[in-house]
Amino acid sequence: MGTKLTKEQILAVMPQQPPFLFIDEAVVEEGKISAVYKIKEDEVFFKGHFKGNPVFPGTLMLETLGQLGVLYLLKSGDSNIGADVDSKKIFFISADGCRCQRICRPGEVMECTAKVEKMRHPIARFSGEMRIAGQKAASAEMITLTFDYVK
């Protein structure tokens with residue numbers, strides 16, 4: 001089943017922090033990470049996205065998938081990583097084949113997965129998918145991160 005991570009464990013290692021962290025709990029397995037995030041009514045961006053019609057931004061849906069990759073690098077223990085990853089040295093490079101297919105609203109729960117496609121220092125590539133109530137909400141064919149080790 002993998003290693004389950006609580007919100008507290010996630011907060012302790014992630015460089016992203018509230019209000020810009022979109023992972024409530026996660027499960028890390030070999031080559032894969034899954035997570036959930038409940039969209040809160042009081043997210044700061046809902047004041048303007050959109051007035052009177054709160055919609056979780058598509059760019060943040062993709063950010064969430066990228067955050068799964070970051071958490072995988074920090075907590076998986078994947079033998080292909082090679083050493084302890086420095087959380088201050090993980091950065092987004094690109095995302096390809098991205099699609100937002102469903103509007104996401106306050107109160108809904110995003111169920112996200114990211115799968116390792118290639119892992120070779122200093123590059124990590126993941127594919128990712130987000131679902132809400134069983135419906136595909138967003139996907140990325142390839143999210144590329146760069147990383148380095150603790151020195």
# chains A, B, ... in the order shown; residues from 1 in each chain; ligands from 1

call {"tool": "residues_around", "arguments": {"residues": "Met61 of chain A", "least_positions_apart": "5", "cutoff": "8 Å", "atoms": "only C-alpha atoms", "output": "VMD selection string"}}
result
chain A and resid 56 100 130 138

call {"tool": "write_last_selection", "arguments": {"atoms": "N, CA, C and O atoms", "output": "short mmCIF file (atom, residue, chain, number, x, y, z; two decimals), in the first residue's frame"}}
result
data_model
loop_
_atom_site.label_atom_id
_atom_site.label_comp_id
_atom_site.auth_asym_id
_atom_site.auth_seq_id
_atom_site.Cartn_x
_atom_site.Cartn_y
_atom_site.Cartn_z
N PHE A 56 -11.70 26.80 -8.94
CA PHE A 56 -10.29 26.52 -8.64
C PHE A 56 -9.50 26.72 -9.94
O PHE A 56 -9.81 26.09 -10.95
N CYS A 100 -7.11 20.69 -18.69
CA CYS A 100 -8.07 20.87 -17.60
C CYS A 100 -9.42 20.53 -18.19
O CYS A 100 -9.87 21.18 -19.13
N MET A 130 -5.64 14.25 -12.17
CA MET A 130 -6.48 14.68 -11.07
C MET A 130 -7.91 14.27 -11.38
O MET A 130 -8.38 14.46 -12.50
N ALA A 138 -8.09 17.11 -14.48
CA ALA A 138 -6.89 17.66 -15.12
C ALA A 138 -5.89 16.53 -15.34
O ALA A 138 -5.92 15.51 -14.65
#

call {"tool": "select_by_dssp", "arguments": {"residues": "chain A", "states": "strand (DSSP E or B)", "output": "count of residues only"}}
result
61

call {"tool": "closest_residue", "arguments": {"among": "A:Ile23, A:Ala137, A:Ile33, A:Met119", "to": "Arg102 of chain A", "atoms": "only C-alpha atoms"}}
result
A:Ala137

call {"tool": "residues_around", "arguments": {"residues": "segment 52-54 of chain A", "least_positions_apart": "2", "cutoff": "9 Å", "atoms": "only C-alpha atoms", "output": "compact mmCIF listing (two decimals) with N, CA, C and O atoms, in the first residue's frame"}}
result
# COMPACT_ATOMS: atom_id res chain seq x y z
N GLU A 41 -13.46 26.59 1.15
CA GLU A 41 -14.35 27.71 0.79
C GLU A 41 -13.61 29.05 0.83
O GLU A 41 -13.93 29.95 0.08
N PHE A 45 -7.72 32.97 -3.47
CA PHE A 45 -7.93 33.31 -4.88
C PHE A 45 -9.40 33.32 -5.27
O PHE A 45 -9.76 33.87 -6.31
N PHE A 46 -10.29 32.73 -4.46
CA PHE A 46 -11.71 32.72 -4.81
C PHE A 46 -12.33 34.12 -4.76
O PHE A 46 -13.38 34.35 -5.34
N LYS A 47 -11.66 35.07 -4.11
CA LYS A 47 -12.17 36.44 -4.09
C LYS A 47 -12.20 37.04 -5.49
O LYS A 47 -12.98 37.93 -5.76
N GLY A 48 -11.34 36.57 -6.37
CA GLY A 48 -11.28 37.14 -7.71
C GLY A 48 -11.35 36.12 -8.83
O GLY A 48 -11.28 36.48 -10.00
N HIS A 49 -11.50 34.86 -8.49
CA HIS A 49 -11.51 33.80 -9.53
C HIS A 49 -12.68 32.88 -9.32
O HIS A 49 -12.54 31.81 -8.75
N PHE A 50 -13.79 33.16 -9.69
CA PHE A 50 -14.29 34.37 -10.33
C PHE A 50 -15.32 34.99 -9.40
O PHE A 50 -15.98 34.26 -8.65
N PHE A 56 -11.70 26.80 -8.94
CA PHE A 56 -10.29 26.52 -8.64
C PHE A 56 -9.50 26.72 -9.94
O PHE A 56 -9.81 26.09 -10.95
N CYS A 104 -13.53 22.80 -11.00
CA CYS A 104 -13.44 22.35 -9.61
C CYS A 104 -13.89 23.48 -8.70
O CYS A 104 -13.51 24.63 -8.91
N ARG A 105 -14.69 23.13 -7.70
CA ARG A 105 -15.33 24.14 -6.85
C ARG A 105 -15.04 23.89 -5.36
O ARG A 105 -14.67 22.79 -4.97
N PRO A 106 -15.27 24.92 -4.55
CA PRO A 106 -15.09 24.77 -3.10
C PRO A 106 -15.90 23.59 -2.57
O PRO A 106 -17.01 23.33 -3.01

call {"tool": "closest_residue", "arguments": {"among": "A:Ala12, A:Val36, A:Leu60, A:Leu71", "to": "Phe126 of chain A", "atoms": "only C-alpha atoms"}}
result
A:Leu71

call {"tool": "select_by_dssp", "arguments": {"residues": "segment 38-147 of chain A", "states": "helix (DSSP H, G or I)", "output": "JSON list (two decimals) with C-alpha atoms, in the first residue's frame"}}
result
[["chain", "number", "residue", "atom", "x", "y", "z"],
["A", 44, "VAL", "CA", -7.65, 33.44, -1.08],
["A", 45, "PHE", "CA", -7.93, 33.31, -4.88],
["A", 46, "PHE", "CA", -11.71, 32.72, -4.81],
["A", 47, "LYS", "CA", -12.17, 36.44, -4.09],
["A", 58, "GLY", "CA", -6.52, 25.50, -13.86],
["A", 59, "THR", "CA", -2.95, 26.64, -13.33],
["A", 60, "LEU", "CA", -3.23, 25.60, -9.68],
["A", 61, "MET", "CA", -4.59, 22.22, -10.71],
["A", 62, "LEU", "CA", -1.34, 21.72, -12.63],
["A", 63, "GLU", "CA", 0.64, 23.17, -9.71],
["A", 64, "THR", "CA", -0.93, 20.50, -7.51],
["A", 65, "LEU", "CA", 0.30, 17.76, -9.85],
["A", 66, "GLY", "CA", 3.77, 19.33, -9.78],
["A", 67, "GLN", "CA", 3.71, 19.39, -5.97],
["A", 68, "LEU", "CA", 3.16, 15.64, -6.02],
["A", 69, "GLY", "CA", 6.44, 15.29, -7.89],
["A", 70, "VAL", "CA", 8.20, 17.47, -5.31],
["A", 71, "LEU", "CA", 6.83, 15.37, -2.45],
["A", 72, "TYR", "CA", 7.86, 12.17, -4.25],
["A", 73, "LEU", "CA", 11.43, 13.44, -4.58],
["A", 74, "LEU", "CA", 11.54, 14.30, -0.88],
["A", 75, "LYS", "CA", 9.83, 11.26, 0.66],
["A", 87, "SER", "CA", 13.93, 20.85, -0.77],
["A", 88, "LYS", "CA", 15.42, 24.26, -1.61],
["A", 89, "LYS", "CA", 16.82, 22.90, -4.87]]

call {"tool": "decode", "arguments": {"residues": "segment 35-85 of chain A", "atoms": "N, CA and C atoms", "output": "PDB file, in the first residue's frame"}}
result
ATOM      1  N   ALA A  35      -2.460  11.549  -3.768  1.00  0.00           N
ATOM      2  CA  ALA A  35      -2.771  12.519  -2.722  1.00  0.00           C
ATOM      3  C   ALA A  35      -4.201  13.013  -2.866  1.00  0.00           C
ATOM      4  N   VAL A  36      -4.681  13.618  -1.787  1.00  0.00           N
ATOM      5  CA  VAL A  36      -5.986  14.261  -1.812  1.00  0.00           C
ATOM      6  C   VAL A  36      -5.864  15.673  -1.266  1.00  0.00           C
ATOM      7  N   TYR A  37      -6.759  16.520  -1.750  1.00  0.00           N
ATOM      8  CA  TYR A  37      -6.843  17.890  -1.259  1.00  0.00           C
ATOM      9  C   TYR A  37      -8.293  18.326  -1.320  1.00  0.00           C
ATOM     10  N   LYS A  38      -8.823  18.757  -0.184  1.00  0.00           N
ATOM     11  CA  LYS A  38     -10.184  19.292  -0.149  1.00  0.00           C
ATOM     12  C   LYS A  38     -10.110  20.792  -0.412  1.00  0.00           C
ATOM     13  N   ILE A  39     -10.795  21.220  -1.446  1.00  0.00           N
ATOM     14  CA  ILE A  39     -10.803  22.637  -1.813  1.00  0.00           C
ATOM     15  C   ILE A  39     -11.604  23.395  -0.763  1.00  0.00           C
ATOM     16  N   LYS A  40     -10.952  24.363  -0.149  1.00  0.00           N
ATOM     17  CA  LYS A  40     -11.572  25.106   0.943  1.00  0.00           C
ATOM     18  C   LYS A  40     -12.398  26.289   0.420  1.00  0.00           C
ATOM     19  N   GLU A  41     -13.456  26.593   1.154  1.00  0.00           N
ATOM     20  CA  GLU A  41     -14.347  27.706   0.789  1.00  0.00           C
ATOM     21  C   GLU A  41     -13.611  29.047   0.828  1.00  0.00           C
ATOM     22  N   ASP A  42     -12.615  29.169   1.724  1.00  0.00           N
ATOM     23  CA  ASP A  42     -11.966  30.460   1.955  1.00  0.00           C
ATOM     24  C   ASP A  42     -10.611  30.609   1.253  1.00  0.00           C
ATOM     25  N   GLU A  43     -10.366  29.811   0.198  1.00  0.00           N
ATOM     26  CA  GLU A  43      -9.112  29.962  -0.550  1.00  0.00           C
ATOM     27  C   GLU A  43      -9.001  31.423  -0.996  1.00  0.00           C
ATOM     28  N   VAL A  44      -7.834  32.013  -0.824  1.00  0.00           N
ATOM     29  CA  VAL A  44      -7.653  33.441  -1.076  1.00  0.00           C
ATOM     30  C   VAL A  44      -7.990  33.839  -2.519  1.00  0.00           C
ATOM     31  N   PHE A  45      -7.716  32.971  -3.470  1.00  0.00           N
ATOM     32  CA  PHE A  45      -7.932  33.314  -4.878  1.00  0.00           C
ATOM     33  C   PHE A  45      -9.402  33.324  -5.274  1.00  0.00           C
ATOM     34  N   PHE A  46     -10.292  32.726  -4.459  1.00  0.00           N
ATOM     35  CA  PHE A  46     -11.712  32.718  -4.807  1.00  0.00           C
ATOM     36  C   PHE A  46     -12.327  34.119  -4.760  1.00  0.00           C
ATOM     37  N   LYS A  47     -11.659  35.066  -4.113  1.00  0.00           N
ATOM     38  CA  LYS A  47     -12.168  36.441  -4.088  1.00  0.00           C
ATOM     39  C   LYS A  47     -12.197  37.042  -5.489  1.00  0.00           C
ATOM     40  N   GLY A  48     -11.340  36.566  -6.370  1.00  0.00           N
ATOM     41  CA  GLY A  48     -11.282  37.137  -7.710  1.00  0.00           C
ATOM     42  C   GLY A  48     -11.351  36.121  -8.833  1.00  0.00           C
ATOM     43  N   HIS A  49     -11.498  34.856  -8.490  1.00  0.00           N
ATOM     44  CA  HIS A  49     -11.508  33.804  -9.532  1.00  0.00           C
ATOM     45  C   HIS A  49     -12.682  32.875  -9.325  1.00  0.00           C
ATOM     46  N   PHE A  50     -13.794  33.159  -9.693  1.00  0.00           N
ATOM     47  CA  PHE A  50     -14.289  34.370 -10.330  1.00  0.00           C
ATOM     48  C   PHE A  50     -15.324  34.987  -9.400  1.00  0.00           C
ATOM     49  N   LYS A  51     -15.515  36.281  -9.462  1.00  0.00           N
ATOM     50  CA  LYS A  51     -16.450  36.990  -8.583  1.00  0.00           C
ATOM     51  C   LYS A  51     -17.835  36.346  -8.663  1.00  0.00           C
ATOM     52  N   GLY A  52     -18.297  35.862  -7.523  1.00  0.00           N
ATOM     53  CA  GLY A  52     -19.618  35.245  -7.452  1.00  0.00           C
ATOM     54  C   GLY A  52     -19.706  33.861  -8.070  1.00  0.00           C
ATOM     55  N   ASN A  53     -18.594  33.346  -8.580  1.00  0.00           N
ATOM     56  CA  ASN A  53     -18.578  32.038  -9.238  1.00  0.00           C
ATOM     57  C   ASN A  53     -17.220  31.377  -8.962  1.00  0.00           C
ATOM     58  N   PRO A  54     -16.977  30.919  -7.712  1.00  0.00           N
ATOM     59  CA  PRO A  54     -15.648  30.414  -7.356  1.00  0.00           C
ATOM     60  C   PRO A  54     -15.251  29.158  -8.132  1.00  0.00           C
ATOM     61  N   VAL A  55     -14.128  29.282  -8.837  1.00  0.00           N
ATOM     62  CA  VAL A  55     -13.582  28.187  -9.643  1.00  0.00           C
ATOM     63  C   VAL A  55     -12.112  28.030  -9.276  1.00  0.00           C
ATOM     64  N   PHE A  56     -11.699  26.805  -8.935  1.00  0.00           N
ATOM     65  CA  PHE A  56     -10.293  26.523  -8.644  1.00  0.00           C
ATOM     66  C   PHE A  56      -9.503  26.716  -9.939  1.00  0.00           C
ATOM     67  N   PRO A  57      -8.491  27.588  -9.944  1.00  0.00           N
ATOM     68  CA  PRO A  57      -7.760  27.896 -11.183  1.00  0.00           C
ATOM     69  C   PRO A  57      -7.068  26.682 -11.812  1.00  0.00           C
ATOM     70  N   GLY A  58      -7.156  26.583 -13.124  1.00  0.00           N
ATOM     71  CA  GLY A  58      -6.518  25.501 -13.857  1.00  0.00           C
ATOM     72  C   GLY A  58      -5.019  25.461 -13.635  1.00  0.00           C
ATOM     73  N   THR A  59      -4.395  26.620 -13.556  1.00  0.00           N
ATOM     74  CA  THR A  59      -2.947  26.638 -13.328  1.00  0.00           C
ATOM     75  C   THR A  59      -2.601  26.035 -11.974  1.00  0.00           C
ATOM     76  N   LEU A  60      -3.484  26.200 -10.991  1.00  0.00           N
ATOM     77  CA  LEU A  60      -3.231  25.605  -9.680  1.00  0.00           C
ATOM     78  C   LEU A  60      -3.529  24.109  -9.668  1.00  0.00           C
ATOM     79  N   MET A  61      -4.390  23.665 -10.559  1.00  0.00           N
ATOM     80  CA  MET A  61      -4.592  22.224 -10.712  1.00  0.00           C
ATOM     81  C   MET A  61      -3.284  21.585 -11.180  1.00  0.00           C
ATOM     82  N   LEU A  62      -2.629  22.229 -12.134  1.00  0.00           N
ATOM     83  CA  LEU A  62      -1.338  21.717 -12.629  1.00  0.00           C
ATOM     84  C   LEU A  62      -0.242  21.887 -11.579  1.00  0.00           C
ATOM     85  N   GLU A  63      -0.291  22.976 -10.824  1.00  0.00           N
ATOM     86  CA  GLU A  63       0.642  23.172  -9.711  1.00  0.00           C
ATOM     87  C   GLU A  63       0.533  22.019  -8.718  1.00  0.00           C
ATOM     88  N   THR A  64      -0.690  21.607  -8.439  1.00  0.00           N
ATOM     89  CA  THR A  64      -0.926  20.503  -7.509  1.00  0.00           C
ATOM     90  C   THR A  64      -0.240  19.231  -7.999  1.00  0.00           C
ATOM     91  N   LEU A  65      -0.366  18.941  -9.288  1.00  0.00           N
ATOM     92  CA  LEU A  65       0.298  17.757  -9.845  1.00  0.00           C
ATOM     93  C   LEU A  65       1.818  17.888  -9.724  1.00  0.00           C
ATOM     94  N   GLY A  66       2.341  19.089  -9.941  1.00  0.00           N
ATOM     95  CA  GLY A  66       3.774  19.325  -9.775  1.00  0.00           C
ATOM     96  C   GLY A  66       4.213  19.133  -8.327  1.00  0.00           C
ATOM     97  N   GLN A  67       3.378  19.559  -7.390  1.00  0.00           N
ATOM     98  CA  GLN A  67       3.707  19.386  -5.973  1.00  0.00           C
ATOM     99  C   GLN A  67       3.805  17.912  -5.595  1.00  0.00           C
ATOM    100  N   LEU A  68       3.031  17.074  -6.265  1.00  0.00           N
ATOM    101  CA  LEU A  68       3.155  15.636  -6.018  1.00  0.00           C
ATOM    102  C   LEU A  68       4.565  15.153  -6.379  1.00  0.00           C
ATOM    103  N   GLY A  69       5.085  15.657  -7.499  1.00  0.00           N
ATOM    104  CA  GLY A  69       6.442  15.295  -7.895  1.00  0.00           C
ATOM    105  C   GLY A  69       7.465  15.744  -6.868  1.00  0.00           C
ATOM    106  N   VAL A  70       7.298  16.948  -6.344  1.00  0.00           N
ATOM    107  CA  VAL A  70       8.204  17.465  -5.311  1.00  0.00           C
ATOM    108  C   VAL A  70       8.170  16.553  -4.085  1.00  0.00           C
ATOM    109  N   LEU A  71       6.966  16.224  -3.635  1.00  0.00           N
ATOM    110  CA  LEU A  71       6.834  15.370  -2.452  1.00  0.00           C
ATOM    111  C   LEU A  71       7.433  13.988  -2.706  1.00  0.00           C
ATOM    112  N   TYR A  72       7.253  13.466  -3.900  1.00  0.00           N
ATOM    113  CA  TYR A  72       7.855  12.173  -4.247  1.00  0.00           C
ATOM    114  C   TYR A  72       9.378  12.250  -4.126  1.00  0.00           C
ATOM    115  N   LEU A  73       9.975  13.294  -4.661  1.00  0.00           N
ATOM    116  CA  LEU A  73      11.432  13.445  -4.579  1.00  0.00           C
ATOM    117  C   LEU A  73      11.906  13.487  -3.127  1.00  0.00           C
ATOM    118  N   LEU A  74      11.124  14.112  -2.262  1.00  0.00           N
ATOM    119  CA  LEU A  74      11.538  14.296  -0.876  1.00  0.00           C
ATOM    120  C   LEU A  74      11.268  13.088   0.019  1.00  0.00           C
ATOM    121  N   LYS A  75      10.252  12.294  -0.283  1.00  0.00           N
ATOM    122  CA  LYS A  75       9.830  11.257   0.659  1.00  0.00           C
ATOM    123  C   LYS A  75       9.801   9.825   0.123  1.00  0.00           C
ATOM    124  N   SER A  76      10.093   9.608  -1.142  1.00  0.00           N
ATOM    125  CA  SER A  76       9.912   8.261  -1.695  1.00  0.00           C
ATOM    126  C   SER A  76      11.005   7.278  -1.321  1.00  0.00           C
ATOM    127  N   GLY A  77      12.231   7.748  -1.178  1.00  0.00           N
ATOM    128  CA  GLY A  77      13.342   6.825  -0.980  1.00  0.00           C
ATOM    129  C   GLY A  77      13.673   6.032  -2.240  1.00  0.00           C
ATOM    130  N   ASP A  78      13.187   6.508  -3.386  1.00  0.00           N
ATOM    131  CA  ASP A  78      13.411   5.861  -4.682  1.00  0.00           C
ATOM    132  C   ASP A  78      14.912   5.697  -4.917  1.00  0.00           C
ATOM    133  N   SER A  79      15.358   4.482  -5.208  1.00  0.00           N
ATOM    134  CA  SER A  79      16.785   4.214  -5.410  1.00  0.00           C
ATOM    135  C   SER A  79      17.355   4.944  -6.619  1.00  0.00           C
ATOM    136  N   ASN A  80      16.505   5.352  -7.553  1.00  0.00           N
ATOM    137  CA  ASN A  80      16.975   6.098  -8.726  1.00  0.00           C
ATOM    138  C   ASN A  80      17.323   7.552  -8.405  1.00  0.00           C
ATOM    139  N   ILE A  81      16.909   8.014  -7.235  1.00  0.00           N
ATOM    140  CA  ILE A  81      17.221   9.395  -6.849  1.00  0.00           C
ATOM    141  C   ILE A  81      18.671   9.488  -6.405  1.00  0.00           C
ATOM    142  N   GLY A  82      19.151   8.557  -5.627  1.00  0.00           N
ATOM    143  CA  GLY A  82      20.573   8.462  -5.332  1.00  0.00           C
ATOM    144  C   GLY A  82      21.056   9.061  -4.035  1.00  0.00           C
ATOM    145  N   ALA A  83      20.384  10.059  -3.487  1.00  0.00           N
ATOM    146  CA  ALA A  83      20.816  10.694  -2.235  1.00  0.00           C
ATOM    147  C   ALA A  83      19.657  11.536  -1.712  1.00  0.00           C
ATOM    148  N   ASP A  84      19.864  12.177  -0.566  1.00  0.00           N
ATOM    149  CA  ASP A  84      18.827  13.037  -0.004  1.00  0.00           C
ATOM    150  C   ASP A  84      18.677  14.294  -0.859  1.00  0.00           C
ATOM    151  N   VAL A  85      17.438  14.564  -1.263  1.00  0.00           N
ATOM    152  CA  VAL A  85      17.146  15.722  -2.110  1.00  0.00           C
ATOM    153  C   VAL A  85      16.967  16.957  -1.224  1.00  0.00           C
TER     154      VAL A  85
END
